[in-house]
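Reproduced below: start36.txt, with compact mmCIF, N, CA, C and O atoms.
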# COMPACT_ATOMS: atom_id res chain seq x y z
N MET Q 1 1.04 -11.59 -21.54
CA MET Q 1 0.30 -10.51 -22.14
C MET Q 1 -0.30 -9.64 -21.04
O MET Q 1 -0.94 -10.14 -20.13
N ARG Q 2 -0.06 -8.33 -21.13
CA ARG Q 2 -0.56 -7.43 -20.10
C ARG Q 2 -2.01 -7.06 -20.36
O ARG Q 2 -2.45 -6.96 -21.49
N ASP Q 3 -2.73 -6.84 -19.29
CA ASP Q 3 -4.11 -6.40 -19.35
C ASP Q 3 -4.14 -5.01 -20.00
O ASP Q 3 -3.36 -4.15 -19.66
N ALA Q 4 -5.08 -4.78 -20.90
CA ALA Q 4 -5.16 -3.50 -21.60
C ALA Q 4 -5.39 -2.34 -20.65
O ALA Q 4 -4.85 -1.26 -20.84
N SER Q 5 -6.17 -2.54 -19.59
CA SER Q 5 -6.42 -1.46 -18.65
C SER Q 5 -5.16 -1.09 -17.87
O SER Q 5 -4.98 0.04 -17.46
N VAL Q 6 -4.26 -2.03 -17.67
CA VAL Q 6 -3.00 -1.76 -16.97
C VAL Q 6 -2.01 -1.09 -17.90
O VAL Q 6 -1.38 -0.10 -17.55
N SER Q 7 -1.88 -1.59 -19.12
CA SER Q 7 -0.89 -1.05 -20.03
C SER Q 7 -1.19 0.39 -20.43
O SER Q 7 -0.29 1.15 -20.72
N GLY Q 8 -2.45 0.80 -20.43
CA GLY Q 8 -2.82 2.15 -20.79
C GLY Q 8 -2.82 3.11 -19.61
O GLY Q 8 -3.03 4.29 -19.78
N SER Q 9 -2.60 2.62 -18.42
CA SER Q 9 -2.66 3.44 -17.22
C SER Q 9 -1.27 3.81 -16.75
O SER Q 9 -0.33 3.04 -16.85
N LYS Q 10 -1.18 5.02 -16.24
CA LYS Q 10 0.07 5.48 -15.64
C LYS Q 10 -0.20 5.80 -14.19
O LYS Q 10 -1.24 6.36 -13.85
N VAL Q 11 0.74 5.44 -13.33
CA VAL Q 11 0.62 5.72 -11.92
C VAL Q 11 1.73 6.69 -11.55
O VAL Q 11 2.89 6.49 -11.92
N ASP Q 12 1.38 7.75 -10.83
CA ASP Q 12 2.37 8.72 -10.37
C ASP Q 12 2.94 8.21 -9.05
O ASP Q 12 2.36 8.42 -7.99
N PHE Q 13 4.08 7.55 -9.14
CA PHE Q 13 4.72 6.99 -7.95
C PHE Q 13 5.40 8.07 -7.11
O PHE Q 13 5.86 7.80 -6.01
N SER Q 14 5.44 9.32 -7.62
CA SER Q 14 6.02 10.42 -6.83
C SER Q 14 4.93 11.15 -6.03
O SER Q 14 5.23 12.11 -5.31
N ALA Q 15 3.67 10.69 -6.12
CA ALA Q 15 2.58 11.29 -5.35
C ALA Q 15 2.83 11.10 -3.86
O ALA Q 15 3.42 10.10 -3.43
N LEU Q 16 2.40 12.07 -3.07
CA LEU Q 16 2.55 11.96 -1.62
C LEU Q 16 1.73 10.79 -1.09
O LEU Q 16 0.62 10.55 -1.55
N ALA Q 17 2.30 10.10 -0.11
CA ALA Q 17 1.62 8.95 0.49
C ALA Q 17 2.08 8.79 1.93
O ALA Q 17 3.12 9.31 2.33
N VAL Q 18 1.27 8.06 2.69
CA VAL Q 18 1.57 7.82 4.10
C VAL Q 18 1.34 6.33 4.38
O VAL Q 18 0.28 5.79 4.04
N LEU Q 19 2.33 5.69 4.99
CA LEU Q 19 2.20 4.29 5.40
C LEU Q 19 1.59 4.26 6.79
O LEU Q 19 2.09 4.93 7.71
N HIS Q 20 0.49 3.53 6.94
CA HIS Q 20 -0.20 3.41 8.22
C HIS Q 20 -0.14 1.96 8.70
O HIS Q 20 -0.05 1.04 7.91
N LYS Q 21 -0.23 1.81 10.02
CA LYS Q 21 -0.25 0.48 10.63
C LYS Q 21 -1.45 0.38 11.56
O LYS Q 21 -1.77 1.33 12.26
N TRP Q 22 -2.08 -0.76 11.53
CA TRP Q 22 -3.16 -1.05 12.47
C TRP Q 22 -2.57 -1.50 13.79
O TRP Q 22 -1.63 -2.31 13.81
N PRO Q 23 -3.08 -1.01 14.92
CA PRO Q 23 -2.68 -1.58 16.21
C PRO Q 23 -3.04 -3.07 16.18
O PRO Q 23 -4.04 -3.46 15.58
N SER Q 24 -2.19 -3.87 16.80
CA SER Q 24 -2.44 -5.32 16.74
C SER Q 24 -2.24 -5.98 18.10
O SER Q 24 -1.55 -5.45 18.97
N LEU Q 25 -2.84 -7.12 18.22
CA LEU Q 25 -2.67 -7.98 19.38
C LEU Q 25 -2.56 -9.39 18.83
O LEU Q 25 -3.43 -9.83 18.08
N ALA Q 26 -1.48 -10.09 19.16
CA ALA Q 26 -1.23 -11.43 18.65
C ALA Q 26 -1.25 -11.45 17.12
O ALA Q 26 -1.81 -12.36 16.51
N ASN Q 27 -0.67 -10.40 16.50
CA ASN Q 27 -0.55 -10.27 15.06
C ASN Q 27 -1.91 -10.17 14.35
O ASN Q 27 -2.04 -10.48 13.18
N GLN Q 28 -2.93 -9.72 15.08
CA GLN Q 28 -4.26 -9.52 14.51
C GLN Q 28 -4.64 -8.05 14.64
O GLN Q 28 -4.40 -7.43 15.69
N ARG Q 29 -5.22 -7.50 13.58
CA ARG Q 29 -5.70 -6.11 13.61
C ARG Q 29 -6.70 -5.92 14.74
O ARG Q 29 -7.52 -6.80 15.01
N GLN Q 30 -6.63 -4.75 15.36
CA GLN Q 30 -7.61 -4.37 16.37
C GLN Q 30 -8.57 -3.38 15.70
O GLN Q 30 -8.30 -2.17 15.65
N PRO Q 31 -9.69 -3.88 15.14
CA PRO Q 31 -10.58 -3.04 14.34
C PRO Q 31 -11.25 -1.92 15.14
O PRO Q 31 -11.78 -0.98 14.55
N ASP Q 32 -11.23 -2.00 16.46
CA ASP Q 32 -11.84 -0.95 17.28
C ASP Q 32 -10.88 0.22 17.51
O ASP Q 32 -11.22 1.17 18.20
N ARG Q 33 -9.69 0.14 16.94
CA ARG Q 33 -8.68 1.19 17.10
C ARG Q 33 -8.38 1.78 15.73
O ARG Q 33 -8.58 1.14 14.69
N ASP Q 34 -7.86 3.00 15.70
CA ASP Q 34 -7.50 3.66 14.45
C ASP Q 34 -6.07 3.34 14.05
O ASP Q 34 -5.22 3.09 14.91
N THR Q 35 -5.81 3.40 12.74
CA THR Q 35 -4.45 3.21 12.25
C THR Q 35 -3.60 4.40 12.68
O THR Q 35 -4.13 5.47 13.01
N TYR Q 36 -2.29 4.21 12.68
CA TYR Q 36 -1.38 5.32 12.99
C TYR Q 36 -0.29 5.38 11.93
O TYR Q 36 0.03 4.39 11.28
N GLN Q 37 0.25 6.58 11.75
CA GLN Q 37 1.26 6.83 10.72
C GLN Q 37 2.59 6.22 11.11
O GLN Q 37 3.07 6.38 12.23
N VAL Q 38 3.19 5.49 10.16
CA VAL Q 38 4.51 4.90 10.35
C VAL Q 38 5.56 5.72 9.61
O VAL Q 38 6.62 6.00 10.14
N SER Q 39 5.25 6.08 8.36
CA SER Q 39 6.18 6.91 7.58
C SER Q 39 5.41 7.68 6.52
O SER Q 39 4.28 7.34 6.18
N GLU Q 40 6.06 8.72 6.01
CA GLU Q 40 5.46 9.58 5.01
C GLU Q 40 6.49 9.83 3.92
O GLU Q 40 7.69 9.93 4.20
N GLY Q 41 6.05 9.92 2.70
CA GLY Q 41 6.95 10.16 1.57
C GLY Q 41 6.19 10.04 0.28
O GLY Q 41 5.01 10.34 0.21
N THR Q 42 6.86 9.54 -0.74
CA THR Q 42 6.20 9.32 -2.02
C THR Q 42 5.52 7.94 -2.00
O THR Q 42 5.82 7.10 -1.14
N LEU Q 43 4.65 7.73 -2.96
CA LEU Q 43 4.01 6.42 -3.09
C LEU Q 43 5.08 5.34 -3.28
O LEU Q 43 5.01 4.28 -2.66
N ASP Q 44 6.09 5.64 -4.08
CA ASP Q 44 7.17 4.69 -4.31
C ASP Q 44 7.91 4.35 -3.00
O ASP Q 44 8.17 3.18 -2.71
N GLN Q 45 8.21 5.36 -2.20
CA GLN Q 45 8.90 5.13 -0.93
C GLN Q 45 8.04 4.32 0.04
O GLN Q 45 8.54 3.43 0.73
N CYS Q 46 6.75 4.62 0.07
CA CYS Q 46 5.85 3.89 0.97
C CYS Q 46 5.68 2.43 0.53
O CYS Q 46 5.63 1.53 1.37
N ILE Q 47 5.63 2.20 -0.78
CA ILE Q 47 5.56 0.82 -1.28
C ILE Q 47 6.83 0.07 -0.88
O ILE Q 47 6.77 -1.07 -0.41
N SER Q 48 7.98 0.71 -1.04
CA SER Q 48 9.25 0.08 -0.67
C SER Q 48 9.31 -0.21 0.83
O SER Q 48 9.75 -1.29 1.24
N ALA Q 49 8.84 0.74 1.65
CA ALA Q 49 8.82 0.53 3.10
C ALA Q 49 7.90 -0.63 3.45
O ALA Q 49 8.22 -1.48 4.29
N PHE Q 50 6.74 -0.68 2.81
CA PHE Q 50 5.78 -1.78 3.02
C PHE Q 50 6.41 -3.12 2.66
O PHE Q 50 6.33 -4.08 3.43
N MET Q 51 7.04 -3.19 1.49
CA MET Q 51 7.63 -4.45 1.03
C MET Q 51 8.81 -4.88 1.91
O MET Q 51 9.16 -6.05 1.95
N GLY Q 52 9.39 -3.92 2.64
CA GLY Q 52 10.48 -4.24 3.56
C GLY Q 52 10.01 -4.84 4.87
O GLY Q 52 10.82 -5.35 5.65
N LYS Q 53 8.71 -4.80 5.12
CA LYS Q 53 8.15 -5.40 6.33
C LYS Q 53 8.09 -6.91 6.16
O LYS Q 53 7.93 -7.42 5.05
N PRO Q 54 8.19 -7.65 7.26
CA PRO Q 54 8.06 -9.11 7.15
C PRO Q 54 6.71 -9.49 6.54
O PRO Q 54 5.68 -8.88 6.87
N ALA Q 55 6.71 -10.45 5.64
CA ALA Q 55 5.48 -10.88 4.97
C ALA Q 55 4.39 -11.26 5.97
O ALA Q 55 3.20 -11.03 5.71
N THR Q 56 4.77 -11.77 7.12
CA THR Q 56 3.78 -12.21 8.11
C THR Q 56 3.10 -11.05 8.83
O THR Q 56 2.12 -11.27 9.53
N THR Q 57 3.61 -9.82 8.66
CA THR Q 57 2.98 -8.67 9.32
C THR Q 57 2.40 -7.66 8.33
O THR Q 57 1.80 -6.67 8.74
N ARG Q 58 2.55 -7.89 7.04
CA ARG Q 58 2.09 -6.91 6.04
C ARG Q 58 0.59 -6.67 6.10
O ARG Q 58 0.12 -5.60 5.72
N HIS Q 59 -0.17 -7.63 6.58
CA HIS Q 59 -1.63 -7.45 6.66
C HIS Q 59 -2.02 -6.36 7.66
O HIS Q 59 -3.15 -5.91 7.68
N LEU Q 60 -1.07 -5.90 8.45
CA LEU Q 60 -1.33 -4.85 9.43
C LEU Q 60 -1.12 -3.45 8.88
O LEU Q 60 -1.37 -2.46 9.57
N TYR Q 61 -0.68 -3.34 7.62
CA TYR Q 61 -0.33 -2.05 7.03
C TYR Q 61 -1.25 -1.69 5.88
O TYR Q 61 -1.83 -2.55 5.24
N GLU Q 62 -1.33 -0.39 5.61
CA GLU Q 62 -2.03 0.12 4.43
C GLU Q 62 -1.40 1.46 4.07
O GLU Q 62 -0.75 2.09 4.91
N ILE Q 63 -1.55 1.84 2.82
CA ILE Q 63 -1.00 3.11 2.36
C ILE Q 63 -2.16 4.04 2.02
O ILE Q 63 -3.10 3.66 1.32
N HIS Q 64 -2.07 5.28 2.51
CA HIS Q 64 -3.04 6.32 2.21
C HIS Q 64 -2.39 7.29 1.23
O HIS Q 64 -1.28 7.77 1.46
N THR Q 65 -3.08 7.59 0.13
CA THR Q 65 -2.56 8.48 -0.91
C THR Q 65 -3.73 9.09 -1.67
O THR Q 65 -4.89 8.77 -1.40
N THR Q 66 -3.43 9.94 -2.62
CA THR Q 66 -4.46 10.50 -3.47
C THR Q 66 -4.86 9.46 -4.51
O THR Q 66 -3.99 8.83 -5.12
N ALA Q 67 -6.15 9.27 -4.69
CA ALA Q 67 -6.64 8.29 -5.66
C ALA Q 67 -6.18 8.65 -7.07
O ALA Q 67 -6.12 9.81 -7.44
N GLN Q 68 -5.80 7.61 -7.83
CA GLN Q 68 -5.41 7.73 -9.23
C GLN Q 68 -6.16 6.65 -10.01
O GLN Q 68 -5.60 5.61 -10.33
N PRO Q 69 -7.46 6.88 -10.26
CA PRO Q 69 -8.24 5.85 -10.94
C PRO Q 69 -7.63 5.47 -12.28
O PRO Q 69 -7.03 6.32 -12.93
N PRO Q 70 -7.73 4.24 -12.69
CA PRO Q 70 -8.46 3.14 -12.06
C PRO Q 70 -7.60 2.26 -11.16
O PRO Q 70 -8.11 1.39 -10.50
N LEU Q 71 -6.28 2.48 -11.12
CA LEU Q 71 -5.40 1.53 -10.43
C LEU Q 71 -5.11 1.84 -8.97
O LEU Q 71 -4.78 0.95 -8.21
N VAL Q 72 -5.19 3.11 -8.59
CA VAL Q 72 -4.81 3.49 -7.22
C VAL Q 72 -6.01 4.11 -6.52
O VAL Q 72 -6.57 5.10 -6.99
N THR Q 73 -6.40 3.51 -5.39
CA THR Q 73 -7.46 4.06 -4.56
C THR Q 73 -6.83 4.90 -3.45
O THR Q 73 -5.61 4.88 -3.27
N ASP Q 74 -7.65 5.63 -2.69
CA ASP Q 74 -7.08 6.50 -1.66
C ASP Q 74 -6.51 5.73 -0.47
O ASP Q 74 -5.64 6.22 0.23
N VAL Q 75 -6.99 4.52 -0.24
CA VAL Q 75 -6.42 3.64 0.79
C VAL Q 75 -6.10 2.32 0.12
O VAL Q 75 -6.98 1.64 -0.41
N LEU Q 76 -4.81 1.96 0.14
CA LEU Q 76 -4.36 0.75 -0.54
C LEU Q 76 -4.21 -0.39 0.47
O LEU Q 76 -3.47 -0.27 1.45
N SER Q 77 -4.90 -1.48 0.21
CA SER Q 77 -4.82 -2.66 1.07
C SER Q 77 -3.46 -3.34 0.86
O SER Q 77 -2.78 -3.10 -0.14
N PRO Q 78 -3.07 -4.22 1.77
CA PRO Q 78 -1.82 -4.96 1.60
C PRO Q 78 -1.73 -5.70 0.27
O PRO Q 78 -0.68 -5.69 -0.38
N GLU Q 79 -2.82 -6.30 -0.16
CA GLU Q 79 -2.82 -7.03 -1.43
C GLU Q 79 -2.62 -6.08 -2.61
O GLU Q 79 -1.90 -6.39 -3.56
N HIS Q 80 -3.25 -4.91 -2.53
CA HIS Q 80 -3.14 -3.91 -3.58
C HIS Q 80 -1.71 -3.37 -3.65
O HIS Q 80 -1.15 -3.20 -4.74
N VAL Q 81 -1.10 -3.11 -2.49
CA VAL Q 81 0.28 -2.61 -2.45
C VAL Q 81 1.24 -3.64 -3.07
O VAL Q 81 2.11 -3.29 -3.88
N ALA Q 82 1.07 -4.89 -2.72
CA ALA Q 82 1.93 -5.95 -3.26
C ALA Q 82 1.78 -6.03 -4.78
O ALA Q 82 2.78 -6.20 -5.49
N GLU Q 83 0.57 -5.89 -5.28
CA GLU Q 83 0.34 -5.93 -6.73
C GLU Q 83 0.97 -4.71 -7.42
O GLU Q 83 1.60 -4.85 -8.47
N LEU Q 84 0.83 -3.53 -6.84
CA LEU Q 84 1.46 -2.33 -7.41
C LEU Q 84 2.98 -2.48 -7.42
O LEU Q 84 3.65 -2.07 -8.37
N SER Q 85 3.52 -3.06 -6.36
CA SER Q 85 4.97 -3.28 -6.30
C SER Q 85 5.41 -4.19 -7.44
O SER Q 85 6.42 -3.94 -8.10
N ARG Q 86 4.65 -5.23 -7.68
CA ARG Q 86 4.97 -6.17 -8.73
C ARG Q 86 4.88 -5.53 -10.12
O ARG Q 86 5.67 -5.80 -11.01
N LEU Q 87 3.89 -4.64 -10.29
CA LEU Q 87 3.65 -4.02 -11.60
C LEU Q 87 4.40 -2.69 -11.80
O LEU Q 87 4.33 -2.12 -12.88
N ARG Q 88 5.12 -2.24 -10.79
CA ARG Q 88 5.78 -0.93 -10.83
C ARG Q 88 6.57 -0.67 -12.10
O ARG Q 88 6.49 0.40 -12.67
N GLU Q 89 7.32 -1.63 -12.54
CA GLU Q 89 8.16 -1.42 -13.73
C GLU Q 89 7.36 -1.28 -15.02
O GLU Q 89 7.82 -0.73 -16.01
N PHE Q 90 6.10 -1.74 -15.02
CA PHE Q 90 5.25 -1.67 -16.21
C PHE Q 90 4.39 -0.41 -16.23
O PHE Q 90 3.82 -0.06 -17.25
N LEU Q 91 4.24 0.22 -15.06
CA LEU Q 91 3.36 1.38 -14.96
C LEU Q 91 4.20 2.62 -15.04
O LEU Q 91 3.98 3.66 -14.90

Same coordinates, now as structure tokens:
Amino acid sequence: MRDASVSGSKVDFSALAVLHKWPSLANQRQPDRDTYQVSEGTLDQCISAFMGKPATTRHLYEIHTTAQPPLVTDVLSPEHVAELSRLREFL
């Protein structure tokens, strides 16, 4: 059974988005450094690019896009991106 807030929400996967990566050392984010752009395209393309990264490095990435409340924030964490990828066919 789907959550009512999810089933009533639509996400524009054609919205512009940018995949960013955190600089890392020993596979750990360097919080004193800024993220940098890896690719640009639609939210759908950026989610696909993110999911194509090895699972062990996904924590280093985030997607920047226009917020689409309540499901999409302007900066999507790795966990949020993975959840959107999973729910894509329902949204």

### Query
In Å, with one decimal, what is the gap from CA of Glu40 (chain Q) to CA of Ala17 (chain Q)?
6.0 Å

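What separates CA of His64 (chain Q) from CA of Asn27 (chain Q) is a distance of 21.1 Å.
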
Take every atom of region 60-66 of chain Q listed in the file, fit an axis-aligned box around them, add 6 Å per side, and give the centre and edge lengths in Å to one decimal as AutoDock Vina command-line options.
--center_x -2.6 --center_y 2.3 --center_z 2.2 --size_x 16.6 --size_y 28.4 --size_z 26.7

### Shortest interatomic distance to Leu60 (chain Q) - which of Q:Val72, Q:Arg86, Q:Thr35, Q:Trp22, counting all atoms listed in the file
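Result for the nearest residue to Leu60 (chain Q): Q:Trp22.
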
### Gap from atom N of Thr57 (chain Q) to atom O of Ala26 (chain Q) - Å, one decimal
9.9 Å

If you count only N, CA, C and O atoms, which residues fall within 4.5 Å of Pro78 (chain Q), apart from same-chain ones fewer than 3 positions away, as an mmCIF file with N, CA, C and O atoms, in the frame of the given file?
data_model
loop_
_atom_site.group_PDB
_atom_site.id
_atom_site.type_symbol
_atom_site.label_atom_id
_atom_site.label_comp_id
_atom_site.auth_asym_id
_atom_site.auth_seq_id
_atom_site.Cartn_x
_atom_site.Cartn_y
_atom_site.Cartn_z
ATOM 1 N N TYR Q 61 -0.680 -3.340 7.620
ATOM 2 C CA TYR Q 61 -0.330 -2.050 7.030
ATOM 3 C C TYR Q 61 -1.250 -1.690 5.880
ATOM 4 O O TYR Q 61 -1.830 -2.550 5.240
ATOM 5 N N VAL Q 81 -1.100 -3.110 -2.490
ATOM 6 C CA VAL Q 81 0.280 -2.610 -2.450
ATOM 7 C C VAL Q 81 1.240 -3.640 -3.070
ATOM 8 O O VAL Q 81 2.110 -3.290 -3.880
ATOM 9 N N ALA Q 82 1.070 -4.890 -2.720
ATOM 10 C CA ALA Q 82 1.930 -5.950 -3.260
ATOM 11 C C ALA Q 82 1.780 -6.030 -4.780
ATOM 12 O O ALA Q 82 2.780 -6.200 -5.490
#

### Task
Skip Leu76 (chain Q) itself and residues of its chain fewer than 2 positions away, then list as a list in words all residues within 6 Å of it, counting only C-alpha atoms.
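After dropping sequence-adjacent residues, the list is Glu62, Ile63 and His80 of chain Q.
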
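Excluding Val38 (chain Q) itself and any same-chain residue fewer than 4 positions from it, the protein and nucleic acid residues within 7 Å of it, counting only C-alpha atoms, are Leu19, His20 and Lys21 of chain Q.
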
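Distances to Gln45 (chain Q) were evaluated for Q:Ser77, Q:Thr66, Q:Ser14, Q:Gln28 using only C-alpha atoms, and the minimum falls at Q:Ser14.
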
### Message
as a PyMOL selection string, please: every residue in chain Q that a backbone DSSP assignment puts in strand (DSSP E).
### Response
chain Q and resi 16-21+24-25+28-29+36-42+61-65+75-76

Give me a file of those residues, with N, CA, C and O atoms, as a compact mmCIF listing (two decimals), keeping the file's coordinate frame.
# COMPACT_ATOMS: atom_id res chain seq x y z
N LEU Q 16 2.40 12.07 -3.07
CA LEU Q 16 2.55 11.96 -1.62
C LEU Q 16 1.73 10.79 -1.09
O LEU Q 16 0.62 10.55 -1.55
N ALA Q 17 2.30 10.10 -0.11
CA ALA Q 17 1.62 8.95 0.49
C ALA Q 17 2.08 8.79 1.93
O ALA Q 17 3.12 9.31 2.33
N VAL Q 18 1.27 8.06 2.69
CA VAL Q 18 1.57 7.82 4.10
C VAL Q 18 1.34 6.33 4.38
O VAL Q 18 0.28 5.79 4.04
N LEU Q 19 2.33 5.69 4.99
CA LEU Q 19 2.20 4.29 5.40
C LEU Q 19 1.59 4.26 6.79
O LEU Q 19 2.09 4.93 7.71
N HIS Q 20 0.49 3.53 6.94
CA HIS Q 20 -0.20 3.41 8.22
C HIS Q 20 -0.14 1.96 8.70
O HIS Q 20 -0.05 1.04 7.91
N LYS Q 21 -0.23 1.81 10.02
CA LYS Q 21 -0.25 0.48 10.63
C LYS Q 21 -1.45 0.38 11.56
O LYS Q 21 -1.77 1.33 12.26
N SER Q 24 -2.19 -3.87 16.80
CA SER Q 24 -2.44 -5.32 16.74
C SER Q 24 -2.24 -5.98 18.10
O SER Q 24 -1.55 -5.45 18.97
N LEU Q 25 -2.84 -7.12 18.22
CA LEU Q 25 -2.67 -7.98 19.38
C LEU Q 25 -2.56 -9.39 18.83
O LEU Q 25 -3.43 -9.83 18.08
N GLN Q 28 -2.93 -9.72 15.08
CA GLN Q 28 -4.26 -9.52 14.51
C GLN Q 28 -4.64 -8.05 14.64
O GLN Q 28 -4.40 -7.43 15.69
N ARG Q 29 -5.22 -7.50 13.58
CA ARG Q 29 -5.70 -6.11 13.61
C ARG Q 29 -6.70 -5.92 14.74
O ARG Q 29 -7.52 -6.80 15.01
N TYR Q 36 -2.29 4.21 12.68
CA TYR Q 36 -1.38 5.32 12.99
C TYR Q 36 -0.29 5.38 11.93
O TYR Q 36 0.03 4.39 11.28
N GLN Q 37 0.25 6.58 11.75
CA GLN Q 37 1.26 6.83 10.72
C GLN Q 37 2.59 6.22 11.11
O GLN Q 37 3.07 6.38 12.23
N VAL Q 38 3.19 5.49 10.16
CA VAL Q 38 4.51 4.90 10.35
C VAL Q 38 5.56 5.72 9.61
O VAL Q 38 6.62 6.00 10.14
N SER Q 39 5.25 6.08 8.36
CA SER Q 39 6.18 6.91 7.58
C SER Q 39 5.41 7.68 6.52
O SER Q 39 4.28 7.34 6.18
N GLU Q 40 6.06 8.72 6.01
CA GLU Q 40 5.46 9.58 5.01
C GLU Q 40 6.49 9.83 3.92
O GLU Q 40 7.69 9.93 4.20
N GLY Q 41 6.05 9.92 2.70
CA GLY Q 41 6.95 10.16 1.57
C GLY Q 41 6.19 10.04 0.28
O GLY Q 41 5.01 10.34 0.21
N THR Q 42 6.86 9.54 -0.74
CA THR Q 42 6.20 9.32 -2.02
C THR Q 42 5.52 7.94 -2.00
O THR Q 42 5.82 7.10 -1.14
N TYR Q 61 -0.68 -3.34 7.62
CA TYR Q 61 -0.33 -2.05 7.03
C TYR Q 61 -1.25 -1.69 5.88
O TYR Q 61 -1.83 -2.55 5.24
N GLU Q 62 -1.33 -0.39 5.61
CA GLU Q 62 -2.03 0.12 4.43
C GLU Q 62 -1.40 1.46 4.07
O GLU Q 62 -0.75 2.09 4.91
N ILE Q 63 -1.55 1.84 2.82
CA ILE Q 63 -1.00 3.11 2.36
C ILE Q 63 -2.16 4.04 2.02
O ILE Q 63 -3.10 3.66 1.32
N HIS Q 64 -2.07 5.28 2.51
CA HIS Q 64 -3.04 6.32 2.21
C HIS Q 64 -2.39 7.29 1.23
O HIS Q 64 -1.28 7.77 1.46
N THR Q 65 -3.08 7.59 0.13
CA THR Q 65 -2.56 8.48 -0.91
C THR Q 65 -3.73 9.09 -1.67
O THR Q 65 -4.89 8.77 -1.40
N VAL Q 75 -6.99 4.52 -0.24
CA VAL Q 75 -6.42 3.64 0.79
C VAL Q 75 -6.10 2.32 0.12
O VAL Q 75 -6.98 1.64 -0.41
N LEU Q 76 -4.81 1.96 0.14
CA LEU Q 76 -4.36 0.75 -0.54
C LEU Q 76 -4.21 -0.39 0.47
O LEU Q 76 -3.47 -0.27 1.45

### Among the residues Q:Pro31, Q:Pro23, Q:Leu43, Q:Met51, the one that comes closest to Asp74 (chain Q) [using only C-alpha atoms]
Q:Leu43

### Message
Using only N, CA, C and O atoms for the distances, tell me which of Q:Thr42, Q:His59, Q:Leu84, Q:Leu25 is nearest to Leu71 (chain Q).
### Response
Q:Leu84

### Message
Please list as a ChimeraX atom specification every residue within 8 Å of Gln68 (chain Q), counting all atoms listed in the file and excluding residues in the same chain fewer than 6 positions away.
### Response
/Q:9-12,74
